[in-house]
file upload_25.pdb (PDB, C-alpha atoms)
MODEL        1
ATOM      1  CA  MET A   1     -58.035 -30.718   8.683
ATOM      2  CA  ALA A   2     -56.856 -33.252  11.248
ATOM      3  CA  ALA A   3     -57.433 -36.171   8.916
ATOM      4  CA  LYS A   4     -54.758 -34.978   6.472
ATOM      5  CA  ASN A   5     -52.154 -34.821   9.251
ATOM      6  CA  GLN A   6     -53.301 -37.842  11.238
ATOM      7  CA  LYS A   7     -50.399 -40.155  12.101
ATOM      8  CA  ARG A   8     -48.053 -38.259   9.775
ATOM      9  CA  THR A   9     -44.522 -37.637  10.957
ATOM     10  CA  VAL A  10     -42.330 -34.764   9.797
ATOM     11  CA  THR A  11     -38.530 -34.928   9.899
ATOM     12  CA  LEU A  12     -36.852 -31.525  10.165
ATOM     13  CA  ILE A  13     -33.438 -31.464   8.475
ATOM     14  CA  GLY A  14     -31.223 -28.405   8.892
ATOM     15  CA  ALA A  15     -28.752 -27.594   6.118
ATOM     16  CA  PRO A  16     -26.927 -24.502   7.420
ATOM     17  CA  THR A  17     -24.889 -23.326   4.446
ATOM     18  CA  ASP A  18     -24.826 -20.440   1.988
ATOM     19  CA  ILE A  19     -22.285 -22.230  -0.185
ATOM     20  CA  GLY A  20     -24.135 -21.582  -3.454
ATOM     21  CA  ALA A  21     -25.262 -18.018  -2.816
ATOM     22  CA  ALA A  22     -23.867 -14.588  -3.551
ATOM     23  CA  GLN A  23     -24.766 -13.244  -0.101
ATOM     24  CA  ARG A  24     -23.764 -14.744   3.218
ATOM     25  CA  GLY A  25     -26.395 -15.443   5.878
ATOM     26  CA  SER A  26     -28.832 -18.120   4.707
ATOM     27  CA  SER A  27     -26.770 -20.577   6.772
ATOM     28  CA  MET A  28     -28.555 -19.129   9.826
ATOM     29  CA  SER A  29     -32.015 -20.033   8.538
ATOM     30  CA  PRO A  30     -32.488 -23.472  10.180
ATOM     31  CA  ASP A  31     -31.914 -22.104  13.651
ATOM     32  CA  ALA A  32     -34.104 -19.063  12.934
ATOM     33  CA  LEU A  33     -36.984 -21.401  12.116
ATOM     34  CA  ARG A  34     -36.326 -23.360  15.287
ATOM     35  CA  VAL A  35     -36.357 -20.155  17.336
ATOM     36  CA  ALA A  36     -39.775 -19.478  15.799
ATOM     37  CA  GLU A  37     -40.797 -22.872  17.269
ATOM     38  CA  ILE A  38     -41.683 -24.530  13.975
ATOM     39  CA  ASP A  39     -41.691 -27.904  15.756
ATOM     40  CA  LEU A  40     -44.291 -26.866  18.334
ATOM     41  CA  THR A  41     -46.588 -25.469  15.671
ATOM     42  CA  LEU A  42     -46.419 -28.633  13.571
ATOM     43  CA  ARG A  43     -47.227 -30.692  16.655
ATOM     44  CA  ARG A  44     -50.187 -28.441  17.401
ATOM     45  CA  LEU A  45     -51.438 -29.159  13.881
ATOM     46  CA  GLY A  46     -51.513 -32.885  14.610
ATOM     47  CA  LEU A  47     -48.128 -34.013  13.295
ATOM     48  CA  GLU A  48     -45.408 -35.975  14.992
ATOM     49  CA  VAL A  49     -42.077 -34.147  14.640
ATOM     50  CA  ILE A  50     -38.535 -35.502  14.563
ATOM     51  CA  ASP A  51     -35.817 -32.843  14.566
ATOM     52  CA  SER A  52     -32.734 -34.543  13.156
ATOM     53  CA  GLY A  53     -30.573 -31.488  13.849
ATOM     54  CA  ASN A  54     -28.229 -29.751  11.443
ATOM     55  CA  LEU A  55     -26.091 -31.470   8.864
ATOM     56  CA  ALA A  56     -22.373 -30.772   8.854
ATOM     57  CA  GLY A  57     -20.400 -29.788   5.795
ATOM     58  CA  PRO A  58     -17.493 -27.740   4.497
ATOM     59  CA  PRO A  59     -17.363 -24.011   5.270
ATOM     60  CA  ASN A  60     -17.891 -21.344   2.656
ATOM     61  CA  PRO A  61     -14.438 -20.588   1.183
ATOM     62  CA  ARG A  62     -15.681 -17.369  -0.442
ATOM     63  CA  ALA A  63     -13.650 -18.171  -3.538
ATOM     64  CA  LYS A  64     -14.056 -17.121  -7.154
ATOM     65  CA  ALA A  65     -15.633 -19.354  -9.766
ATOM     66  CA  GLN A  66     -13.496 -22.075 -11.321
ATOM     67  CA  ASP A  67     -14.540 -23.580 -14.664
ATOM     68  CA  GLY A  68     -17.835 -21.720 -14.396
ATOM     69  CA  TYR A  69     -18.879 -22.800 -10.887
ATOM     70  CA  ARG A  70     -18.263 -21.315  -7.442
ATOM     71  CA  HIS A  71     -17.614 -23.755  -4.616
ATOM     72  CA  LEU A  72     -18.513 -26.848  -6.645
ATOM     73  CA  ALA A  73     -16.670 -29.337  -4.415
ATOM     74  CA  GLU A  74     -18.176 -27.868  -1.251
ATOM     75  CA  ALA A  75     -21.687 -27.705  -2.738
ATOM     76  CA  THR A  76     -21.399 -31.318  -3.873
ATOM     77  CA  ALA A  77     -20.458 -32.386  -0.351
ATOM     78  CA  TRP A  78     -23.481 -30.598   1.114
ATOM     79  CA  CYS A  79     -25.834 -32.021  -1.514
ATOM     80  CA  ARG A  80     -24.569 -35.562  -0.941
ATOM     81  CA  SER A  81     -25.054 -35.188   2.803
ATOM     82  CA  LEU A  82     -28.573 -33.855   2.288
ATOM     83  CA  GLU A  83     -29.387 -36.604  -0.197
ATOM     84  CA  SER A  84     -28.492 -39.182   2.449
ATOM     85  CA  ALA A  85     -30.529 -37.466   5.183
ATOM     86  CA  VAL A  86     -33.628 -37.069   3.002
ATOM     87  CA  THR A  87     -33.359 -40.686   1.838
ATOM     88  CA  GLU A  88     -33.291 -41.844   5.453
ATOM     89  CA  ALA A  89     -36.364 -39.750   6.271
ATOM     90  CA  LEU A  90     -38.296 -41.095   3.285
ATOM     91  CA  HIS A  91     -37.457 -44.717   4.026
ATOM     92  CA  GLY A  92     -38.574 -44.067   7.596
ATOM     93  CA  GLY A  93     -42.017 -43.175   6.271
ATOM     94  CA  THR A  94     -41.773 -39.491   7.261
ATOM     95  CA  VAL A  95     -42.226 -36.180   5.452
ATOM     96  CA  PRO A  96     -38.789 -34.560   5.075
ATOM     97  CA  VAL A  97     -38.754 -30.803   5.641
ATOM     98  CA  VAL A  98     -35.395 -29.376   4.566
ATOM     99  CA  MET A  99     -34.503 -26.106   6.244
ATOM    100  CA  GLY A 100     -31.858 -24.466   4.048
ATOM    101  CA  GLY A 101     -29.602 -22.876   3.321
ATOM    102  CA  ASP A 102     -29.415 -21.628  -0.244
ATOM    103  CA  HIS A 103     -31.355 -23.139  -3.111
ATOM    104  CA  CYS A 104     -28.522 -25.190  -4.618
ATOM    105  CA  LEU A 105     -29.297 -27.630  -1.794
ATOM    106  CA  ALA A 106     -32.480 -28.630  -3.632
ATOM    107  CA  ILE A 107     -30.245 -30.663  -5.942
ATOM    108  CA  GLY A 108     -29.500 -32.963  -3.005
ATOM    109  CA  SER A 109     -33.015 -33.149  -1.596
ATOM    110  CA  ILE A 110     -34.690 -33.722  -4.971
ATOM    111  CA  ALA A 111     -32.057 -36.284  -5.972
ATOM    112  CA  ALA A 112     -33.068 -38.326  -2.930
ATOM    113  CA  ILE A 113     -36.773 -37.892  -3.621
ATOM    114  CA  ALA A 114     -36.431 -38.777  -7.308
ATOM    115  CA  ARG A 115     -34.520 -41.963  -6.494
ATOM    116  CA  PHE A 116     -37.076 -42.905  -3.836
ATOM    117  CA  CYS A 117     -39.968 -42.328  -6.235
ATOM    118  CA  ALA A 118     -38.239 -44.417  -8.916
ATOM    119  CA  GLU A 119     -37.760 -47.262  -6.433
ATOM    120  CA  GLU A 120     -41.405 -47.033  -5.348
ATOM    121  CA  ARG A 121     -42.598 -46.548  -8.941
ATOM    122  CA  ARG A 122     -44.391 -43.385  -7.930
ATOM    123  CA  PRO A 123     -44.614 -40.358 -10.244
ATOM    124  CA  LEU A 124     -42.872 -37.237  -8.917
ATOM    125  CA  SER A 125     -44.139 -33.678  -9.324
ATOM    126  CA  ILE A 126     -42.325 -30.571  -8.099
ATOM    127  CA  LEU A 127     -43.881 -27.194  -7.331
ATOM    128  CA  TRP A 128     -41.005 -24.692  -7.470
ATOM    129  CA  PHE A 129     -41.944 -21.374  -5.827
ATOM    130  CA  ASP A 130     -39.329 -18.779  -6.777
ATOM    131  CA  ALA A 131     -38.719 -15.332  -8.213
ATOM    132  CA  HIS A 132     -36.047 -16.883 -10.450
ATOM    133  CA  ALA A 133     -36.155 -19.741 -12.950
ATOM    134  CA  ASP A 134     -32.830 -21.095 -11.595
ATOM    135  CA  PHE A 135     -32.045 -22.458 -15.056
ATOM    136  CA  ASN A 136     -28.655 -20.828 -15.485
ATOM    137  CA  THR A 137     -25.468 -22.539 -16.618
ATOM    138  CA  PRO A 138     -21.877 -21.232 -16.645
ATOM    139  CA  ALA A 139     -22.605 -19.884 -20.132
ATOM    140  CA  THR A 140     -25.425 -17.680 -18.804
ATOM    141  CA  SER A 141     -24.153 -16.911 -15.277
ATOM    142  CA  PRO A 142     -21.125 -14.611 -14.943
ATOM    143  CA  SER A 143     -21.018 -15.198 -11.174
ATOM    144  CA  GLY A 144     -21.029 -19.007 -11.250
ATOM    145  CA  ASN A 145     -23.248 -19.031  -8.148
ATOM    146  CA  LEU A 146     -24.860 -22.453  -7.942
ATOM    147  CA  HIS A 147     -28.086 -21.236  -6.349
ATOM    148  CA  GLY A 148     -29.002 -19.833  -9.773
ATOM    149  CA  MET A 149     -28.536 -23.237 -11.458
ATOM    150  CA  PRO A 150     -30.351 -26.008  -9.538
ATOM    151  CA  VAL A 151     -33.213 -26.595 -11.994
ATOM    152  CA  ALA A 152     -30.835 -26.818 -14.942
ATOM    153  CA  ILE A 153     -28.581 -29.194 -13.015
ATOM    154  CA  LEU A 154     -31.520 -31.345 -11.912
ATOM    155  CA  CYS A 155     -32.549 -31.597 -15.568
ATOM    156  CA  GLY A 156     -29.063 -32.775 -16.565
ATOM    157  CA  ASP A 157     -27.273 -29.586 -17.650
ATOM    158  CA  GLY A 158     -24.436 -29.169 -15.187
ATOM    159  CA  PRO A 159     -21.299 -30.699 -13.712
ATOM    160  CA  PRO A 160     -21.242 -34.506 -13.442
ATOM    161  CA  GLU A 161     -20.518 -34.273  -9.716
ATOM    162  CA  LEU A 162     -24.089 -33.000  -9.274
ATOM    163  CA  THR A 163     -26.047 -34.298 -12.274
ATOM    164  CA  ALA A 164     -25.150 -37.887 -11.308
ATOM    165  CA  LEU A 165     -26.762 -37.643  -7.849
ATOM    166  CA  GLY A 166     -29.847 -39.739  -7.243
ATOM    167  CA  ALA A 167     -30.612 -41.922 -10.223
ATOM    168  CA  GLY A 168     -29.217 -39.324 -12.655
ATOM    169  CA  PRO A 169     -28.281 -38.069 -15.018
ATOM    170  CA  PRO A 170     -30.681 -36.471 -15.415
ATOM    171  CA  ILE A 171     -32.060 -36.461 -11.898
ATOM    172  CA  ILE A 172     -35.504 -35.415 -13.123
ATOM    173  CA  ASP A 173     -37.264 -34.515 -16.340
ATOM    174  CA  ALA A 174     -38.199 -30.867 -16.874
ATOM    175  CA  GLY A 175     -41.799 -31.920 -17.411
ATOM    176  CA  GLN A 176     -42.019 -32.830 -13.730
ATOM    177  CA  VAL A 177     -41.429 -29.206 -12.646
ATOM    178  CA  ILE A 178     -44.081 -26.513 -12.262
ATOM    179  CA  GLN A 179     -42.646 -23.080 -11.457
ATOM    180  CA  ILE A 180     -44.772 -20.404  -9.784
ATOM    181  CA  GLY A 181     -44.058 -16.716  -9.201
ATOM    182  CA  ILE A 182     -41.200 -16.340 -11.700
ATOM    183  CA  ARG A 183     -40.334 -12.721 -12.525
ATOM    184  CA  SER A 184     -36.553 -12.550 -12.973
ATOM    185  CA  VAL A 185     -34.987 -14.583 -15.796
ATOM    186  CA  ASP A 186     -31.617 -13.704 -17.288
ATOM    187  CA  HIS A 187     -31.647 -12.751 -20.977
ATOM    188  CA  VAL A 188     -29.936 -15.858 -22.366
ATOM    189  CA  GLU A 189     -31.612 -18.047 -19.741
ATOM    190  CA  LYS A 190     -35.048 -17.150 -21.189
ATOM    191  CA  LEU A 191     -34.443 -19.148 -24.359
ATOM    192  CA  ALA A 192     -33.288 -22.180 -22.383
ATOM    193  CA  VAL A 193     -36.393 -22.011 -20.177
ATOM    194  CA  SER A 194     -38.737 -21.679 -23.159
ATOM    195  CA  GLU A 195     -37.189 -24.773 -24.779
ATOM    196  CA  SER A 196     -36.883 -26.832 -21.599
ATOM    197  CA  GLY A 197     -40.340 -28.318 -21.099
ATOM    198  CA  LEU A 198     -40.812 -26.601 -17.727
ATOM    199  CA  THR A 199     -44.317 -25.426 -16.865
ATOM    200  CA  VAL A 200     -43.965 -21.789 -15.755
ATOM    201  CA  TYR A 201     -46.634 -19.620 -14.163
ATOM    202  CA  ASP A 202     -44.870 -16.263 -14.109
ATOM    203  CA  MET A 203     -46.103 -13.169 -12.294
ATOM    204  CA  ARG A 204     -47.912 -11.851 -15.363
ATOM    205  CA  THR A 205     -49.942 -15.046 -15.453
ATOM    206  CA  ILE A 206     -50.737 -14.664 -11.763
ATOM    207  CA  ASP A 207     -51.647 -11.000 -12.308
ATOM    208  CA  GLU A 208     -53.963 -11.850 -15.209
ATOM    209  CA  HIS A 209     -55.671 -14.938 -13.809
ATOM    210  CA  GLY A 210     -55.170 -14.748 -10.049
ATOM    211  CA  MET A 211     -53.379 -17.045  -7.638
ATOM    212  CA  PHE A 212     -56.435 -19.236  -7.105
ATOM    213  CA  ALA A 213     -56.768 -20.101 -10.794
ATOM    214  CA  VAL A 214     -53.025 -20.704 -11.146
ATOM    215  CA  MET A 215     -52.873 -23.011  -8.127
ATOM    216  CA  GLU A 216     -56.062 -24.801  -9.145
ATOM    217  CA  GLU A 217     -54.588 -25.602 -12.560
ATOM    218  CA  ALA A 218     -51.165 -26.527 -11.182
ATOM    219  CA  LEU A 219     -52.592 -28.833  -8.538
ATOM    220  CA  ALA A 220     -54.899 -30.423 -11.103
ATOM    221  CA  LYS A 221     -51.826 -31.321 -13.161
ATOM    222  CA  VAL A 222     -50.159 -32.813 -10.084
ATOM    223  CA  SER A 223     -53.285 -34.712  -9.059
ATOM    224  CA  ALA A 224     -53.722 -36.162 -12.546
ATOM    225  CA  ARG A 225     -50.143 -37.413 -12.469
ATOM    226  CA  GLY A 226     -50.539 -38.871  -8.968
ATOM    227  CA  GLY A 227     -47.682 -39.972  -6.781
ATOM    228  CA  HIS A 228     -45.379 -37.730  -4.748
ATOM    229  CA  LEU A 229     -45.589 -33.919  -4.551
ATOM    230  CA  HIS A 230     -42.443 -32.069  -3.522
ATOM    231  CA  VAL A 231     -42.624 -28.336  -2.786
ATOM    232  CA  SER A 232     -39.393 -26.371  -3.152
ATOM    233  CA  PHE A 233     -40.050 -22.957  -1.612
ATOM    234  CA  ASP A 234     -37.541 -20.167  -2.207
ATOM    235  CA  VAL A 235     -38.372 -17.294   0.128
ATOM    236  CA  ASP A 236     -37.584 -14.736  -2.593
ATOM    237  CA  PHE A 237     -40.815 -15.948  -4.228
ATOM    238  CA  LEU A 238     -42.431 -13.421  -1.868
ATOM    239  CA  ASP A 239     -42.492  -9.716  -2.588
ATOM    240  CA  PRO A 240     -39.613  -8.030  -0.709
ATOM    241  CA  ALA A 241     -42.050  -5.468   0.713
ATOM    242  CA  ILE A 242     -43.254  -8.258   3.010
ATOM    243  CA  ALA A 243     -40.151 -10.473   2.960
ATOM    244  CA  PRO A 244     -36.924  -8.433   2.877
ATOM    245  CA  GLY A 245     -34.777 -11.158   4.448
ATOM    246  CA  VAL A 246     -33.429 -12.772   1.277
ATOM    247  CA  GLY A 247     -30.215 -12.292  -0.684
ATOM    248  CA  THR A 248     -31.771 -11.725  -4.122
ATOM    249  CA  THR A 249     -34.885  -9.566  -3.758
ATOM    250  CA  VAL A 250     -37.100  -9.013  -6.808
ATOM    251  CA  PHE A 251     -40.008  -6.595  -6.579
ATOM    252  CA  GLY A 252     -43.439  -7.462  -7.936
ATOM    253  CA  GLY A 253     -43.929 -10.750  -6.110
ATOM    254  CA  PRO A 254     -47.017 -12.274  -4.515
ATOM    255  CA  THR A 255     -48.727 -10.607  -1.591
ATOM    256  CA  TYR A 256     -49.135 -12.158   1.831
ATOM    257  CA  ARG A 257     -52.661 -13.391   1.092
ATOM    258  CA  GLU A 258     -51.757 -14.727  -2.360
ATOM    259  CA  SER A 259     -48.891 -16.695  -0.822
ATOM    260  CA  GLN A 260     -50.974 -17.975   2.049
ATOM    261  CA  LEU A 261     -53.740 -19.016  -0.344
ATOM    262  CA  ALA A 262     -51.238 -21.043  -2.381
ATOM    263  CA  MET A 263     -50.062 -22.872   0.744
ATOM    264  CA  GLU A 264     -53.619 -23.476   1.963
ATOM    265  CA  MET A 265     -54.598 -24.936  -1.407
ATOM    266  CA  ILE A 266     -51.656 -27.335  -1.335
ATOM    267  CA  TYR A 267     -52.756 -28.502   2.102
ATOM    268  CA  ASP A 268     -56.360 -28.869   0.941
ATOM    269  CA  SER A 269     -55.176 -31.051  -1.952
ATOM    270  CA  GLY A 270     -53.688 -33.592   0.479
ATOM    271  CA  LEU A 271     -50.779 -34.140  -1.948
ATOM    272  CA  LEU A 272     -47.754 -32.747  -0.091
ATOM    273  CA  ALA A 273     -45.080 -35.368   0.621
ATOM    274  CA  SER A 274     -41.846 -33.351   1.082
ATOM    275  CA  LEU A 275     -40.716 -29.744   1.417
ATOM    276  CA  ASP A 276     -37.692 -27.464   0.943
ATOM    277  CA  ILE A 277     -37.525 -24.061   2.655
ATOM    278  CA  MET A 278     -34.680 -22.145   1.004
ATOM    279  CA  GLU A 279     -32.944 -18.757   0.928
ATOM    280  CA  LEU A 280     -34.266 -17.252   4.154
ATOM    281  CA  ASN A 281     -31.460 -14.904   5.220
ATOM    282  CA  PRO A 282     -31.807 -13.709   8.834
ATOM    283  CA  ALA A 283     -28.762 -11.441   8.398
ATOM    284  CA  LEU A 284     -30.751  -9.325   5.927
ATOM    285  CA  ASP A 285     -34.112  -9.503   7.702
ATOM    286  CA  LEU A 286     -35.859  -6.628   9.492
ATOM    287  CA  HIS A 287     -36.972  -7.413  13.044
ATOM    288  CA  ASN A 288     -37.394 -11.103  12.095
ATOM    289  CA  GLN A 289     -40.228 -10.112   9.722
ATOM    290  CA  THR A 290     -39.379 -12.584   6.966
ATOM    291  CA  ALA A 291     -38.697 -15.520   9.287
ATOM    292  CA  GLU A 292     -42.068 -15.024  10.989
ATOM    293  CA  LEU A 293     -43.839 -14.838   7.625
ATOM    294  CA  VAL A 294     -42.161 -18.027   6.416
ATOM    295  CA  PHE A 295     -43.151 -19.691   9.653
ATOM    296  CA  GLU A 296     -46.795 -18.701   9.089
ATOM    297  CA  LEU A 297     -46.761 -19.987   5.516
ATOM    298  CA  VAL A 298     -45.316 -23.339   6.572
ATOM    299  CA  ALA A 299     -48.091 -23.569   9.168
ATOM    300  CA  SER A 300     -50.657 -22.935   6.397
ATOM    301  CA  LEU A 301     -49.002 -25.596   4.267
ATOM    302  CA  PHE A 302     -49.586 -28.125   7.062
ATOM    303  CA  GLY A 303     -53.144 -27.148   7.900
ATOM    304  CA  GLU A 304     -53.367 -23.820   9.711
ATOM    305  CA  GLN A 305     -56.548 -22.076   8.525
ATOM    306  CA  ILE A 306     -58.492 -18.983   9.498
ATOM    307  CA  LEU A 307     -61.645 -21.062  10.030
ATOM    308  CA  SER A 308     -62.724 -24.554   9.059
ATOM    309  CA  ARG A 309     -63.893 -24.683   5.449
ATOM    310  CA  HIS A 310     -67.363 -25.977   6.397
ATOM    311  CA  THR A 311     -68.247 -22.646   8.083
ATOM    312  CA  THR A 312     -68.965 -20.953   4.716
ATOM    313  CA  SER A 313     -71.985 -21.336   2.451
ATOM    314  CA  PHE A 314     -69.947 -21.475  -0.806
ATOM    315  CA  ASN A 315     -69.513 -24.778  -2.588
TER     316      ASN A 315
ENDMDL
END
call {"tool": "encode", "arguments": {"input": "upload_25.pdb", "output": "structure tokens"}}
result
Amino acid sequence: MAAKNQKRTVTLIGAPTDIGAAQRGSSMSPDALRVAEIDLTLRRLGLEVIDSGNLAGPPNPRAKAQDGYRHLAEATAWCRSLESAVTEALHGGTVPVVMGGDHCLAIGSIAAIARFCAEERRPLSILWFDAHADFNTPATSPSGNLHGMPVAILCGDGPPELTALGAGPPIIDAGQVIQIGIRSVDHVEKLAVSESGLTVYDMRTIDEHGMFAVMEEALAKVSARGGHLHVSFDVDFLDPAIAPGVGTTVFGGPTYRESQLAMEMIYDSGLLASLDIMELNPALDLHNQTAELVFELVASLFGEQILSRHTTSFN
């Protein structure tokens, strides 16, 4: 376990905004994770930790959608700020851990990572853990909330203010994205997803084959491609019975052990190079239950295990 973390440095980047969400409150997530002492746990697991603090950006104007998007100018400002911070962390040789904030922020973090990978000539793979496909456009989203659109925007279908971030447009190719845990896709959005080139392991697939088989296949695809693995973790990936503190709950999600297994397998692969933690909403949580669960999963992602793997007799 220690070898995977040896001499690695993590940069924590807070992005305290709910600019792209329907519900207020995810702006409190970075400080909730700090209260849970995420930095101390990562240090205990053998990592050096730099906490770069919280980014600053425009407040949430709570306005209606204009031309199909809510708060586009403000979201663009946040994504540009995050793109700069993640770029600095990557060029410093560290593992950026973005503490959102709502999931539209992934446009900024992944734009930075995609540009960095292009400069380094390293393939980029993205594991997108989410209840939603996030492949909406103004034509499929009556609300215009940008946290339902980041994958579409990353793949080039969105406003030029965002699609041109990084080395875009497009910022990435849909074939670089593997989605896991999907169980809520809008009716018109389904056709766009099926034609997009995304790899999607929805909850039926997980139910039929199990989380181990799904993660084994997904990580094999990433390993074969090589390069940089980015994990974008939306907390609503989890079943709301164990993680109520999100703005868009969808029942039928992974259990605690299924989720922890997925994180442990990513750590075992040794592939993780950057991370988003998105959509934790302390305002909707119950007794800090969701924040503590997210904290435990992040620890598993960086090496926390029940026992060392060599203690079993299985191959």
call {"tool": "resolve_selection", "arguments": {"input": "upload_25.pdb", "expression": "the PyMOL selection byres ((chain A and resi 171-175) around 9)", "output": "number ranges by chain"}}
result
A: 107, 110-111, 114-115, 124-125, 151-156, 163-170, 176-178, 196-199
call {"tool": "residues_around", "arguments": {"input": "upload_25.pdb", "residues": "region 30-43 of chain A", "least_positions_apart": "4", "cutoff": "10 Å", "atoms": "all atoms listed in the file", "output": "short mmCIF file (atom, residue, chain, number, x, y, z; two decimals) with C-alpha atoms, in the coordinates of the input"}}
result
data_model
loop_
_atom_site.label_atom_id
_atom_site.label_comp_id
_atom_site.auth_asym_id
_atom_site.auth_seq_id
_atom_site.Cartn_x
_atom_site.Cartn_y
_atom_site.Cartn_z
CA ASN A 5 -52.15 -34.82 9.25
CA THR A 9 -44.52 -37.64 10.96
CA VAL A 10 -42.33 -34.76 9.80
CA THR A 11 -38.53 -34.93 9.90
CA LEU A 12 -36.85 -31.52 10.16
CA ILE A 13 -33.44 -31.46 8.48
CA GLY A 14 -31.22 -28.40 8.89
CA ALA A 15 -28.75 -27.59 6.12
CA PRO A 16 -26.93 -24.50 7.42
CA THR A 17 -24.89 -23.33 4.45
CA SER A 26 -28.83 -18.12 4.71
CA LEU A 47 -48.13 -34.01 13.30
CA GLU A 48 -45.41 -35.98 14.99
CA VAL A 49 -42.08 -34.15 14.64
CA ILE A 50 -38.53 -35.50 14.56
CA ASP A 51 -35.82 -32.84 14.57
CA GLY A 53 -30.57 -31.49 13.85
CA ASN A 54 -28.23 -29.75 11.44
CA VAL A 98 -35.40 -29.38 4.57
CA MET A 99 -34.50 -26.11 6.24
CA GLY A 100 -31.86 -24.47 4.05
CA GLY A 101 -29.60 -22.88 3.32
CA ILE A 277 -37.52 -24.06 2.66
CA MET A 278 -34.68 -22.14 1.00
CA LEU A 280 -34.27 -17.25 4.15
CA ASN A 281 -31.46 -14.90 5.22
CA PRO A 282 -31.81 -13.71 8.83
CA ASN A 288 -37.39 -11.10 12.10
CA ALA A 291 -38.70 -15.52 9.29
CA GLU A 292 -42.07 -15.02 10.99
CA VAL A 294 -42.16 -18.03 6.42
CA PHE A 295 -43.15 -19.69 9.65
CA GLU A 296 -46.80 -18.70 9.09
CA VAL A 298 -45.32 -23.34 6.57
CA ALA A 299 -48.09 -23.57 9.17
CA PHE A 302 -49.59 -28.12 7.06
CA GLY A 303 -53.14 -27.15 7.90
CA GLU A 304 -53.37 -23.82 9.71
#
call {"tool": "residues_near_point", "arguments": {"input": "upload_25.pdb", "point": "(-15.0, -20.5, -8.7)", "cutoff": "12 Å", "atoms": "only C-alpha atoms", "output": "list in words"}}
result
Ile19, Gly20, Ala22, Asn60, Pro61, Arg62, Ala63, Lys64, Ala65, Gln66, Asp67, Gly68, Tyr69, Arg70, His71, Leu72, Ala73, Glu74, Ala75, Pro138, Ser141, Pro142, Ser143, Gly144, Asn145 and Leu146 of chain A
call {"tool": "write_last_selection", "arguments": {"input": "upload_25.pdb", "atoms": "C-alpha atoms", "output": "tab-separated table (two decimals), in the frame of the given file"}}
result
chain	number	residue	atom	x	y	z
A	19	ILE	CA	-22.28	-22.23	-0.18
A	20	GLY	CA	-24.14	-21.58	-3.45
A	22	ALA	CA	-23.87	-14.59	-3.55
A	60	ASN	CA	-17.89	-21.34	2.66
A	61	PRO	CA	-14.44	-20.59	1.18
A	62	ARG	CA	-15.68	-17.37	-0.44
A	63	ALA	CA	-13.65	-18.17	-3.54
A	64	LYS	CA	-14.06	-17.12	-7.15
A	65	ALA	CA	-15.63	-19.35	-9.77
A	66	GLN	CA	-13.50	-22.08	-11.32
A	67	ASP	CA	-14.54	-23.58	-14.66
A	68	GLY	CA	-17.84	-21.72	-14.40
A	69	TYR	CA	-18.88	-22.80	-10.89
A	70	ARG	CA	-18.26	-21.32	-7.44
A	71	HIS	CA	-17.61	-23.76	-4.62
A	72	LEU	CA	-18.51	-26.85	-6.64
A	73	ALA	CA	-16.67	-29.34	-4.42
A	74	GLU	CA	-18.18	-27.87	-1.25
A	75	ALA	CA	-21.69	-27.70	-2.74
A	138	PRO	CA	-21.88	-21.23	-16.64
A	141	SER	CA	-24.15	-16.91	-15.28
A	142	PRO	CA	-21.12	-14.61	-14.94
A	143	SER	CA	-21.02	-15.20	-11.17
A	144	GLY	CA	-21.03	-19.01	-11.25
A	145	ASN	CA	-23.25	-19.03	-8.15
A	146	LEU	CA	-24.86	-22.45	-7.94
call {"tool": "closest_residue", "arguments": {"input": "upload_25.pdb", "among": "A:Pro58, A:Gly270, A:Pro254, A:Gly227", "to": "Trp78 (chain A)", "atoms": "all atoms listed in the file"}}
result
A:Pro58
call {"tool": "axis_aligned_box", "arguments": {"input": "upload_25.pdb", "around": "region 156-164 of chain A", "padding_each_side": "6 Å", "output": "lines of an AutoDock Vina configuration file"}}
result
center_x = -24.8
center_y = -33.5
center_z = -13.5
size_x = 20.5
size_y = 20.7
size_z = 20.4
call {"tool": "closest_residue", "arguments": {"input": "upload_25.pdb", "among": "A:Glu88, A:Glu258, A:Asp130, A:Glu120", "to": "Ser184 (chain A)", "atoms": "all atoms listed in the file"}}
result
A:Asp130
call {"tool": "resolve_selection", "arguments": {"input": "upload_25.pdb", "expression": "the PyMOL selection byres ((chain A and resi 247-249) around 8)", "output": "mmCIF file with C-alpha atoms, in the frame of the given file"}}
result
data_model
loop_
_atom_site.group_PDB
_atom_site.id
_atom_site.type_symbol
_atom_site.label_atom_id
_atom_site.label_comp_id
_atom_site.auth_asym_id
_atom_site.auth_seq_id
_atom_site.Cartn_x
_atom_site.Cartn_y
_atom_site.Cartn_z
ATOM 1 C CA ALA A 21 -25.262 -18.018 -2.816
ATOM 2 C CA ALA A 22 -23.867 -14.588 -3.551
ATOM 3 C CA GLN A 23 -24.766 -13.244 -0.101
ATOM 4 C CA ARG A 24 -23.764 -14.744 3.218
ATOM 5 C CA ASP A 236 -37.584 -14.736 -2.593
ATOM 6 C CA ASP A 239 -42.492 -9.716 -2.588
ATOM 7 C CA PRO A 240 -39.613 -8.030 -0.709
ATOM 8 C CA PRO A 244 -36.924 -8.433 2.877
ATOM 9 C CA GLY A 245 -34.777 -11.158 4.448
ATOM 10 C CA VAL A 246 -33.429 -12.772 1.277
ATOM 11 C CA VAL A 250 -37.100 -9.013 -6.808
ATOM 12 C CA PHE A 251 -40.008 -6.595 -6.579
ATOM 13 C CA GLU A 279 -32.944 -18.757 0.928
ATOM 14 C CA ASN A 281 -31.460 -14.904 5.220
ATOM 15 C CA LEU A 284 -30.751 -9.325 5.927
#
call {"tool": "closest_residue", "arguments": {"input": "upload_25.pdb", "among": "A:Met203, A:Leu293, A:Ala241, A:Val214", "to": "Gln260 (chain A)", "atoms": "only C-alpha atoms"}}
result
A:Leu293
call {"tool": "resolve_selection", "arguments": {"input": "upload_25.pdb", "expression": "the PyMOL selection byres ((chain A and resi 91) around 12)", "output": "number ranges by chain"}}
result
A: 11, 84-90, 92-96, 112-113, 115-117, 119-120
